[in-house]
$ cat input_1.tsv   # TSV, C-alpha atoms and all ligand atoms
chain	number	residue	atom	x	y	z
A	101	MET	CA	-4.71	-29.51	-24.92
A	102	ALA	CA	-3.86	-25.94	-24.01
A	103	ILE	CA	-6.20	-24.14	-21.66
A	104	ALA	CA	-6.32	-20.67	-20.15
A	105	LYS	CA	-5.00	-19.91	-16.66
A	106	ALA	CA	-5.88	-16.69	-14.86
A	107	ASP	CA	-3.78	-14.70	-12.38
A	108	ILE	CA	-6.78	-13.16	-10.69
A	109	ASN	CA	-4.60	-10.88	-8.54
A	110	LEU	CA	-4.12	-8.76	-11.67
A	111	CYS	CA	-7.82	-8.59	-12.58
A	112	LYS	CA	-9.55	-5.18	-12.56
A	113	GLY	CA	-13.07	-6.46	-12.95
A	114	CYS	CA	-13.76	-4.98	-16.39
A	115	ARG	CA	-15.59	-8.12	-17.62
A	116	LEU	CA	-14.35	-7.67	-21.19
A	117	CYS	CA	-13.05	-11.25	-21.24
A	118	VAL	CA	-16.49	-12.64	-20.45
A	119	GLY	CA	-17.98	-11.54	-23.78
A	120	ALA	CA	-14.77	-12.32	-25.70
A	121	CYS	CA	-14.84	-16.03	-24.86
A	122	PRO	CA	-16.54	-17.92	-27.69
A	123	VAL	CA	-17.68	-20.82	-25.49
A	124	ASP	CA	-18.85	-18.92	-22.36
A	125	ALA	CA	-16.11	-20.49	-20.29
A	126	ILE	CA	-15.49	-17.33	-18.24
A	127	GLU	CA	-17.81	-16.70	-15.36
A	128	PRO	CA	-18.00	-13.24	-13.73
A	129	LEU	CA	-17.97	-13.52	-9.94
A	130	HIS	CA	-18.92	-11.14	-7.15
A	131	GLU	CA	-15.90	-12.33	-5.16
A	132	VAL	CA	-13.17	-9.66	-5.04
A	133	ASN	CA	-9.36	-9.86	-5.17
A	134	LYS	CA	-6.95	-8.04	-2.83
A	135	LYS	CA	-7.27	-4.88	-4.88
A	136	GLY	CA	-11.03	-4.98	-4.40
A	137	TYR	CA	-12.04	-5.81	-7.96
A	138	GLU	CA	-14.67	-8.41	-8.79
A	139	ILE	CA	-12.88	-11.33	-10.40
A	140	ILE	CA	-13.69	-14.07	-12.91
A	141	ARG	CA	-13.34	-17.86	-13.01
A	142	ILE	CA	-12.48	-20.06	-15.96
A	143	ASP	CA	-14.49	-23.26	-16.37
A	144	GLU	CA	-11.67	-25.61	-17.35
A	145	ASN	CA	-14.12	-28.16	-18.70
A	146	LYS	CA	-15.46	-25.66	-21.22
A	147	CYS	CA	-12.21	-23.87	-22.21
A	148	ILE	CA	-10.90	-24.73	-25.67
A	149	GLY	CA	-7.64	-22.78	-25.33
A	150	CYS	CA	-8.41	-20.34	-28.15
A	151	GLY	CA	-6.64	-17.39	-26.48
A	152	MET	CA	-9.36	-14.79	-27.08
A	153	CYS	CA	-9.34	-13.88	-23.38
A	154	TYR	CA	-5.59	-13.21	-23.64
A	155	VAL	CA	-6.18	-10.96	-26.67
A	156	MET	CA	-8.88	-8.93	-24.93
A	157	CYS	CA	-7.71	-8.56	-21.31
A	158	PRO	CA	-6.15	-5.10	-20.73
A	159	ASP	CA	-4.46	-6.34	-17.55
A	160	TYR	CA	-2.69	-9.47	-18.84
A	161	VAL	CA	-4.50	-11.84	-16.49
A	162	PHE	CA	-4.47	-14.80	-18.88
A	163	THR	CA	-1.83	-17.27	-19.99
A	164	VAL	CA	-2.82	-19.99	-22.41
A	165	GLU	CA	-0.61	-23.08	-22.20
B	148	MET	CA	5.06	-24.38	-23.94
B	149	ALA	CA	2.94	-21.29	-23.58
B	150	ILE	CA	0.83	-20.48	-26.59
B	151	ARG	CA	-0.21	-17.03	-25.39
B	152	LYS	CA	1.77	-15.32	-22.66
B	153	LYS	CA	2.36	-11.70	-21.68
B	154	PRO	CA	5.47	-10.34	-23.46
B	155	GLU	CA	8.61	-10.27	-21.29
B	156	MET	CA	9.14	-6.65	-22.32
B	157	ILE	CA	6.27	-5.82	-19.94
B	158	ASN	CA	7.80	-6.11	-16.49
B	159	GLN	CA	5.30	-4.43	-14.19
B	160	GLN	CA	1.57	-4.40	-13.53
B	161	VAL	CA	-0.72	-2.24	-15.59
B	162	GLY	CA	-1.36	1.22	-14.14
B	163	TRP	CA	-4.42	2.15	-16.18
B	164	CYS	CA	-8.04	2.08	-15.03
B	165	GLY	CA	-9.98	-1.19	-15.39
B	166	GLY	CA	-11.13	-1.70	-18.98
B	167	CYS	CA	-8.85	1.02	-20.42
B	168	GLY	CA	-7.65	0.44	-23.99
B	169	HIS	CA	-4.13	1.75	-23.30
B	170	GLY	CA	-3.26	-1.61	-21.70
B	171	ILE	CA	-4.21	-3.51	-24.84
B	172	VAL	CA	-2.21	-1.04	-26.94
B	173	GLN	CA	0.84	-1.47	-24.70
B	174	ARG	CA	0.65	-5.24	-25.06
B	175	LEU	CA	0.36	-5.04	-28.85
B	176	ILE	CA	3.39	-2.73	-28.99
B	177	ALA	CA	5.44	-5.13	-26.84
B	178	GLU	CA	4.37	-8.15	-28.90
B	179	CYS	CA	5.38	-6.39	-32.14
B	180	CYS	CA	8.77	-5.30	-30.77
B	181	GLU	CA	9.51	-8.81	-29.50
B	182	GLU	CA	8.33	-10.61	-32.62
B	183	LEU	CA	10.42	-8.30	-34.82
B	184	GLY	CA	13.46	-8.60	-32.52
B	185	LEU	CA	13.52	-4.85	-31.94
B	186	VAL	CA	13.35	-4.61	-28.12
B	187	GLU	CA	17.05	-3.77	-27.65
B	188	LYS	CA	16.84	-1.01	-30.24
B	189	THR	CA	13.55	0.46	-29.05
B	190	VAL	CA	13.12	3.96	-27.62
B	191	GLN	CA	9.56	4.73	-26.54
B	192	VAL	CA	8.30	8.29	-26.43
B	193	VAL	CA	5.23	8.51	-24.22
B	194	ASP	CA	3.13	11.57	-23.59
B	195	ILE	CA	2.58	13.25	-20.23
B	196	ALA	CA	-0.97	11.92	-20.17
B	197	CYS	CA	-2.36	8.44	-19.61
B	198	ALA	CA	0.20	6.87	-21.99
B	199	TYR	CA	2.84	7.82	-19.42
B	200	TRP	CA	2.15	4.60	-17.47
B	201	SER	CA	4.29	2.74	-20.03
B	202	ILE	CA	7.50	4.53	-19.10
B	203	ASP	CA	8.37	2.23	-16.18
B	204	THR	CA	6.39	-0.78	-17.30
B	205	LEU	CA	8.17	-1.46	-20.58
B	206	ASN	CA	11.69	-2.81	-20.40
B	207	CYS	CA	13.22	-0.57	-23.07
B	208	ASP	CA	14.71	2.90	-23.36
B	209	GLY	CA	12.21	5.70	-23.19
B	210	ILE	CA	11.43	9.30	-22.52
B	211	ALA	CA	8.28	11.22	-21.69
B	212	GLY	CA	7.84	14.09	-24.10
B	213	PRO	CA	6.27	17.31	-22.82
B	214	HIS	CA	2.51	16.98	-23.34
B	215	GLY	CA	1.77	17.32	-27.05
B	216	ARG	CA	5.39	17.36	-28.24
B	217	CYS	CA	6.01	13.63	-28.56
B	218	ALA	CA	6.38	13.64	-32.35
B	219	ALA	CA	8.99	16.42	-32.11
B	220	VAL	CA	10.89	14.59	-29.34
B	221	ALA	CA	10.79	11.38	-31.40
B	222	THR	CA	12.06	13.30	-34.44
B	223	GLY	CA	15.07	14.46	-32.43
B	224	ILE	CA	15.84	10.95	-31.20
B	225	LYS	CA	15.54	9.49	-34.70
B	226	LYS	CA	17.87	12.17	-36.12
B	227	VAL	CA	20.66	11.37	-33.67
B	228	ARG	CA	19.98	7.61	-33.36
B	229	PRO	CA	18.80	6.61	-36.85
B	230	GLU	CA	19.31	2.92	-36.06
B	231	ALA	CA	16.90	3.04	-33.09
B	232	ASN	CA	13.29	1.83	-33.25
B	233	VAL	CA	11.58	5.03	-32.13
B	234	TYR	CA	7.87	5.07	-31.49
B	235	VAL	CA	5.34	7.46	-29.98
B	236	HIS	CA	2.50	6.27	-27.73
B	237	ALA	CA	0.22	9.24	-27.11
B	238	GLY	CA	-3.39	10.29	-26.86
B	239	ASP	CA	-5.59	12.14	-29.32
B	240	GLY	CA	-5.29	15.32	-27.25
B	241	CYS	CA	-1.50	15.23	-27.51
B	242	SER	CA	-1.43	14.30	-31.16
B	243	TYR	CA	-4.35	16.22	-32.66
B	244	VAL	CA	-4.98	19.18	-30.35
B	245	ILE	CA	-2.13	20.74	-28.35
B	246	GLY	CA	0.44	18.92	-30.51
B	247	LEU	CA	-1.24	19.08	-33.92
B	248	ALA	CA	1.60	21.21	-35.31
B	249	GLU	CA	4.23	18.71	-34.14
B	250	THR	CA	2.28	15.81	-35.65
B	251	CYS	CA	1.79	17.61	-38.98
B	252	TYR	CA	5.42	18.74	-39.27
B	253	THR	CA	6.68	15.26	-38.48
B	254	ALA	CA	4.42	13.96	-41.27
B	255	MET	CA	5.46	16.80	-43.58
B	256	ARG	CA	9.11	15.90	-43.03
B	257	ASP	CA	8.27	12.20	-43.43
B	258	ILE	CA	10.34	11.30	-40.37
B	259	PRO	CA	10.67	7.49	-40.27
B	260	ILE	CA	9.16	6.89	-36.84
B	261	THR	CA	6.09	4.92	-35.77
B	262	MET	CA	3.41	7.12	-34.20
B	263	ILE	CA	0.61	5.44	-32.22
B	264	VAL	CA	-2.37	7.63	-31.36
B	265	VAL	CA	-4.96	6.40	-28.86
B	266	ASN	CA	-8.29	7.93	-29.91
B	267	ASN	CA	-10.44	7.76	-26.78
B	268	GLY	CA	-12.44	10.88	-27.63
B	269	THR	CA	-11.43	12.78	-24.51
B	270	PHE	CA	-8.58	14.23	-22.47
B	271	GLY	CA	-8.32	11.19	-20.22
B	272	MET	CA	-5.57	12.13	-17.78
B	273	THR	CA	-6.99	15.52	-16.84
B	274	GLY	CA	-10.48	14.28	-16.04
B	275	GLY	CA	-12.37	13.93	-19.30
B	276	GLN	CA	-12.58	17.26	-21.12
B	277	MET	CA	-13.99	17.57	-24.65
B	278	ASN	CA	-11.45	16.86	-27.38
B	279	PRO	CA	-12.19	19.25	-30.29
B	280	ALA	CA	-10.91	16.69	-32.82
B	281	THR	CA	-12.47	13.49	-31.52
B	282	THR	CA	-15.39	14.04	-29.10
B	283	LEU	CA	-18.62	13.13	-30.91
B	284	LEU	CA	-21.51	15.59	-31.23
B	285	GLY	CA	-23.83	15.09	-28.28
B	286	ASP	CA	-21.22	13.40	-26.09
B	287	LYS	CA	-21.24	14.73	-22.54
B	288	THR	CA	-17.89	15.66	-21.02
B	289	VAL	CA	-16.87	17.89	-18.12
B	290	SER	CA	-16.40	20.75	-20.60
B	291	SER	CA	-19.50	19.98	-22.69
B	292	VAL	CA	-21.88	19.12	-19.90
B	293	LYS	CA	-25.02	19.16	-22.01
B	294	GLY	CA	-23.37	17.25	-24.82
B	295	ARG	CA	-21.08	18.59	-27.53
B	296	ASP	CA	-22.95	21.24	-29.52
B	297	GLU	CA	-21.88	22.01	-33.08
B	298	LYS	CA	-22.66	25.74	-32.86
B	299	ALA	CA	-20.59	26.17	-29.73
B	300	ALA	CA	-17.74	23.73	-30.39
B	301	GLY	CA	-17.75	22.65	-34.05
B	302	LYS	CA	-17.73	19.07	-35.24
B	303	PRO	CA	-15.22	16.26	-34.68
B	304	PHE	CA	-12.82	15.73	-37.57
B	305	ASP	CA	-11.00	12.71	-38.98
B	306	MET	CA	-7.36	13.82	-38.82
B	307	LEU	CA	-6.17	10.86	-40.86
B	308	LYS	CA	-7.89	12.50	-43.82
B	309	ILE	CA	-5.42	15.37	-43.46
B	310	LEU	CA	-2.40	13.26	-42.63
B	311	GLU	CA	-2.88	10.93	-45.62
B	312	THR	CA	-2.41	13.92	-47.93
B	313	PHE	CA	1.19	14.37	-46.76
B	314	ASP	CA	3.88	12.34	-48.50
B	315	ILE	CA	4.09	9.76	-45.69
B	316	GLU	CA	4.54	6.00	-45.65
B	317	TYR	CA	1.49	4.71	-43.83
B	318	ALA	CA	-1.70	5.90	-42.12
B	319	ALA	CA	-4.32	3.56	-40.69
B	320	ARG	CA	-6.98	3.32	-38.01
B	321	GLY	CA	-7.64	0.26	-35.89
B	322	ALA	CA	-10.06	-0.40	-33.03
B	323	LEU	CA	-10.13	-2.40	-29.79
B	324	TYR	CA	-13.80	-3.27	-29.34
B	325	ASP	CA	-13.43	-6.97	-30.14
B	326	THR	CA	-10.68	-9.56	-30.61
B	327	LYS	CA	-10.97	-9.50	-34.40
B	328	HIS	CA	-10.26	-5.77	-34.46
B	329	ILE	CA	-7.51	-6.06	-31.85
B	330	ASN	CA	-5.75	-8.60	-34.07
B	331	GLN	CA	-6.23	-6.35	-37.10
B	332	THR	CA	-4.81	-3.41	-35.13
B	333	LYS	CA	-1.75	-5.49	-34.27
B	334	LYS	CA	-1.11	-6.05	-37.98
B	335	MET	CA	-1.27	-2.29	-38.56
B	336	LEU	CA	1.17	-1.65	-35.72
B	337	LYS	CA	3.51	-4.31	-37.00
B	338	LYS	CA	3.44	-2.71	-40.43
B	339	GLY	CA	4.33	0.60	-38.78
B	340	PHE	CA	7.35	-0.94	-37.05
B	341	GLU	CA	8.43	-2.85	-40.17
B	342	ASN	CA	8.30	0.34	-42.23
B	343	GLN	CA	10.68	1.98	-39.78
B	344	ARG	CA	12.97	-1.06	-39.69
B	345	ASP	CA	13.08	-1.05	-43.49
B	346	GLY	CA	14.03	2.63	-43.67
B	347	LYS	CA	10.71	3.77	-45.06
B	348	GLY	CA	8.93	6.95	-43.97
B	349	PHE	CA	6.47	8.19	-41.33
B	350	SER	CA	3.84	5.70	-40.14
B	351	ILE	CA	0.85	6.70	-38.04
B	352	ILE	CA	-1.62	4.25	-36.55
B	353	GLU	CA	-4.64	5.65	-34.72
B	354	ILE	CA	-6.58	3.29	-32.45
B	355	LEU	CA	-10.22	3.67	-31.34
B	356	SER	CA	-10.00	2.96	-27.64
B	357	PRO	CA	-12.33	3.21	-24.62
B	358	CYS	CA	-11.94	5.51	-21.59
B	359	PRO	CA	-14.63	4.01	-19.33
B	360	THR	CA	-13.66	6.21	-16.37
B	361	ASN	CA	-14.29	9.53	-18.10
B	362	TRP	CA	-17.08	8.29	-20.35
B	363	LYS	CA	-18.75	7.21	-17.09
B	364	MET	CA	-19.76	3.93	-18.68
B	365	SER	CA	-18.95	0.32	-17.89
B	366	PRO	CA	-16.03	-1.11	-19.90
B	367	VAL	CA	-18.44	-3.42	-21.77
B	368	ASP	CA	-20.78	-0.53	-22.70
B	369	SER	CA	-17.76	1.58	-23.69
B	370	MET	CA	-16.76	-1.03	-26.27
B	371	ILE	CA	-20.33	-1.03	-27.64
B	372	LYS	CA	-20.22	2.77	-27.95
B	373	LEU	CA	-16.89	2.57	-29.80
B	374	GLU	CA	-18.35	0.20	-32.39
B	375	LYS	CA	-21.83	1.69	-32.75
B	376	GLU	CA	-21.01	5.42	-32.52
B	377	ASN	CA	-17.33	6.37	-32.78
B	378	GLU	CA	-16.49	4.09	-35.68
B	379	LEU	CA	-19.21	5.78	-37.78
B	380	ILE	CA	-17.21	9.04	-37.65
B	381	PHE	CA	-13.77	7.42	-37.45
B	382	PRO	CA	-13.78	4.45	-39.85
B	383	VAL	CA	-11.39	1.56	-39.33
B	384	ARG	CA	-9.27	1.25	-42.46
B	385	VAL	CA	-5.89	1.82	-44.06
B	386	TYR	CA	-5.80	5.40	-45.36
B	387	LYS	CA	-2.42	5.31	-46.98
B	388	ASP	CA	0.20	2.71	-47.78
B	389	ARG	CA	2.84	4.21	-50.00
B	390	GLY	CA	4.38	0.78	-50.43
B	391	GLY	CA	7.94	1.90	-49.97
B	392	GLU	CA	8.54	3.52	-53.36
B	393	LYS	CA	10.59	6.61	-52.65
C	1	LIG	C1	1.83	21.84	-21.84
C	1	LIG	C2	0.76	21.13	-21.07
C	1	LIG	N1	-0.52	21.53	-21.19
C	1	LIG	C3	-1.49	20.87	-20.53
C	1	LIG	C4	-1.19	19.80	-19.74
C	1	LIG	C5	-2.28	19.09	-18.99
C	1	LIG	N2	-2.62	17.82	-19.62
C	1	LIG	C6	-2.07	16.66	-19.22
C	1	LIG	S1	-2.67	15.34	-20.04
C	1	LIG	C7	-3.70	16.35	-20.96
C	1	LIG	C8	-4.65	15.78	-21.98
C	1	LIG	C9	-4.50	14.33	-22.19
C	1	LIG	O1	-5.36	13.87	-23.21
C	1	LIG	P1	-4.86	12.93	-24.37
C	1	LIG	O2	-3.65	13.49	-25.00
C	1	LIG	O3	-6.02	12.66	-25.25
C	1	LIG	O4	-4.40	11.60	-23.63
C	1	LIG	P2	-5.18	10.57	-22.71
C	1	LIG	O5	-4.87	10.95	-21.31
C	1	LIG	O6	-6.64	10.65	-23.04
C	1	LIG	O7	-4.59	9.25	-23.07
C	1	LIG	C10	-3.55	17.68	-20.61
C	1	LIG	C11	-4.33	18.76	-21.21
C	1	LIG	C12	0.16	19.43	-19.63
C	1	LIG	N3	0.54	18.37	-18.89
C	1	LIG	N4	1.11	20.11	-20.30
C	2	LIG	S1	-10.61	-8.84	-19.02
C	2	LIG	FE1	-8.97	-9.17	-17.53
C	2	LIG	S2	-9.18	-7.52	-16.03
C	2	LIG	FE2	-11.09	-7.62	-17.20
C	2	LIG	S3	-12.45	-8.96	-15.98
C	2	LIG	FE3	-11.43	-10.27	-17.48
C	2	LIG	S4	-9.62	-11.02	-16.39
C	2	LIG	FE4	-10.36	-9.27	-15.23
C	3	LIG	S1	-8.85	-19.62	-23.98
C	3	LIG	FE1	-10.69	-19.25	-25.24
C	3	LIG	S2	-12.15	-20.76	-24.49
C	3	LIG	FE2	-10.56	-20.64	-22.91
C	3	LIG	S3	-11.33	-19.12	-21.48
C	3	LIG	FE3	-10.03	-18.03	-22.94
C	3	LIG	S4	-11.47	-17.27	-24.47
C	3	LIG	FE4	-12.55	-18.88	-23.35
C	4	LIG	S1	-8.58	7.99	-17.48
C	4	LIG	FE1	-9.33	6.92	-19.31
C	4	LIG	S2	-7.55	6.82	-20.70
C	4	LIG	FE2	-6.78	7.29	-18.65
C	4	LIG	S3	-6.27	5.31	-17.70
C	4	LIG	FE3	-8.39	5.80	-17.07
C	4	LIG	S4	-9.69	4.83	-18.63
C	4	LIG	FE4	-7.61	4.93	-19.48

$ encode --input "input_1.tsv" --output "structure tokens"
Amino acid sequence: MAIAKADINLCKGCRLCVGACPVDAIEPLHEVNKKGYEIIRIDENKCIGCGMCYVMCPDYVFTVE
Amino acid sequence: MAIRKKPEMINQQVGWCGGCGHGIVQRLIAECCEELGLVEKTVQVVDIACAYWSIDTLNCDGIAGPHGRCAAVATGIKKVRPEANVYVHAGDGCSYVIGLAETCYTAMRDIPITMIVVNNGTFGMTGGQMNPATTLLGDKTVSSVKGRDEKAAGKPFDMLKILETFDIEYAARGALYDTKHINQTKKMLKKGFENQRDGKGFSIIEILSPCPTNWKMSPVDSMIKLEKENELIFPVRVYKDRGGEK
């Protein structure tokens, strides 16, 4: 089954993906990336590969494959 | 095989602020151009404002029009390169304020380009001034510090109501506040590009989009404002679809 992968180096911490995920598989973290933005983590056990995170993210962090 | 993957037409990182709608718009444009096989023929016309970030990021021909004159620049390109897929990516300041004349004359002449207007209710690039066409009454900006007041600055106005009265091909408004509306907006954009490919007339797609930096709100709250406040004044719908008879 397809699941989402995140390139967290691209993340800008907007958190829009968190609310877009229908199964609450995206967790907002306080950990920051090299750019200094607070990143997210995908719970691979919860992800159903629906691609909503891809549709919402303005910084193209997600690939669903 | 990837089911959802960033379009190859996008070859650099996004320059916009975190949570800015321009990045979603850029991706939708790239997806449409790739899916319609138009990348090689595409000439983007971006405004000297926040849309400008696309000029180096998208792997296609392009030019930055002087601020406000994108529709006129695109008209010129389409006249000399009628086979090209010419689109404008500009803000609501460019399209409805400083460049309102250019937008109206391009519509009046029914030039077969695709014009994409990002309605973020403010002059984003210059630090968040009031946009006379799109800033809501009561909204605080750096040039309406106590909130936009009708007596001092008039009311916002739905420009698509004017533009639909011209003999143009297509006018519609989309929004970015949730995935359902992003997908709907993509269909509108695709229609705009298909109209041009099929030799039909002027298509304009306006998109309700957040500017969290200048609204001084979190990206999540900005999306809520778009849905609960801005959409009341700027409804999401198709205003005109001439259907190609001409
Ligand atoms: C002829 C001219 N006048 C003014 C400016 C300054 N200026 C740059 S961007 C901008 C407004 C941008 O607002 P908008 O078109 O809504 O785009 P946004 O940045 O919000 O996407 C202005 C007034 C300019 N660059 N050129
Ligand atoms: S939508 Fe994209 S940029 Fe925003 S928090 Fe999620 S992964 Fe990061
Ligand atoms: S693919 Fe769907 S389920 Fe998986 S993280 Fe993205 S939005 Fe959530
Ligand atoms: S200033 Fe506003 S419109 Fe410009 S990049 Fe930042 S959030 Fe986007």

$ atom_distance --input "input_1.tsv" --atom1 "CA of Met262 in chain B" --atom2 "CA of Gly238 in chain B"
10.5 Å

$ axis_aligned_box --input "input_1.tsv" --around "ligand LIG 2 (chain C)" --padding-each-side "5 Å" --output "AutoDock Vina command-line options"
--center_x -10.7 --center_y -9.3 --center_z -17.1 --size_x 13.5 --size_y 13.5 --size_z 13.8

$ interface_residues --input "input_1.tsv" --of "chain A" --to "chain B" --cutoff "12 Å" --atoms "all atoms listed in the file" --output "number ranges by chain"
A: 101-107, 109-122, 135-139, 149-165

$ closest_residue --input "input_1.tsv" --among "B:Ile245, B:Ala196, B:Ile176, B:Val292" --to "Glu155 in chain B" --atoms "all atoms listed in the file"
B:Ile176

$ closest_residue --input "input_1.tsv" --among "B:Ser290, B:Thr332, B:Asn267, B:Thr273" --to "Trp362 in chain B" --atoms "only C-alpha atoms"
B:Asn267

$ residues_around --input "input_1.tsv" --residues "Glu297 in chain B" --least-positions-apart "6" --cutoff "12 Å" --atoms "all atoms listed in the file" --output "NGL selection string"
:B and (279 or 282-286 or 291 or 303-304)

$ residues_near_point --input "input_1.tsv" --point "(-15.2, -27.5, -16.5)" --cutoff "12 Å" --atoms "all atoms listed in the file" --output "PDB file with C-alpha atoms, keeping the file's coordinate frame"
ATOM      1  CA  ILE A 103      -6.200 -24.140 -21.660  1.00  0.00           C
ATOM      2  CA  ALA A 104      -6.320 -20.670 -20.150  1.00  0.00           C
ATOM      3  CA  VAL A 123     -17.680 -20.820 -25.490  1.00  0.00           C
ATOM      4  CA  ASP A 124     -18.850 -18.920 -22.360  1.00  0.00           C
ATOM      5  CA  ALA A 125     -16.110 -20.490 -20.290  1.00  0.00           C
ATOM      6  CA  ILE A 126     -15.490 -17.330 -18.240  1.00  0.00           C
ATOM      7  CA  GLU A 127     -17.810 -16.700 -15.360  1.00  0.00           C
ATOM      8  CA  ARG A 141     -13.340 -17.860 -13.010  1.00  0.00           C
ATOM      9  CA  ILE A 142     -12.480 -20.060 -15.960  1.00  0.00           C
ATOM     10  CA  ASP A 143     -14.490 -23.260 -16.370  1.00  0.00           C
ATOM     11  CA  GLU A 144     -11.670 -25.610 -17.350  1.00  0.00           C
ATOM     12  CA  ASN A 145     -14.120 -28.160 -18.700  1.00  0.00           C
ATOM     13  CA  LYS A 146     -15.460 -25.660 -21.220  1.00  0.00           C
ATOM     14  CA  CYS A 147     -12.210 -23.870 -22.210  1.00  0.00           C
ATOM     15  CA  ILE A 148     -10.900 -24.730 -25.670  1.00  0.00           C
TER      16      ILE A 148
END
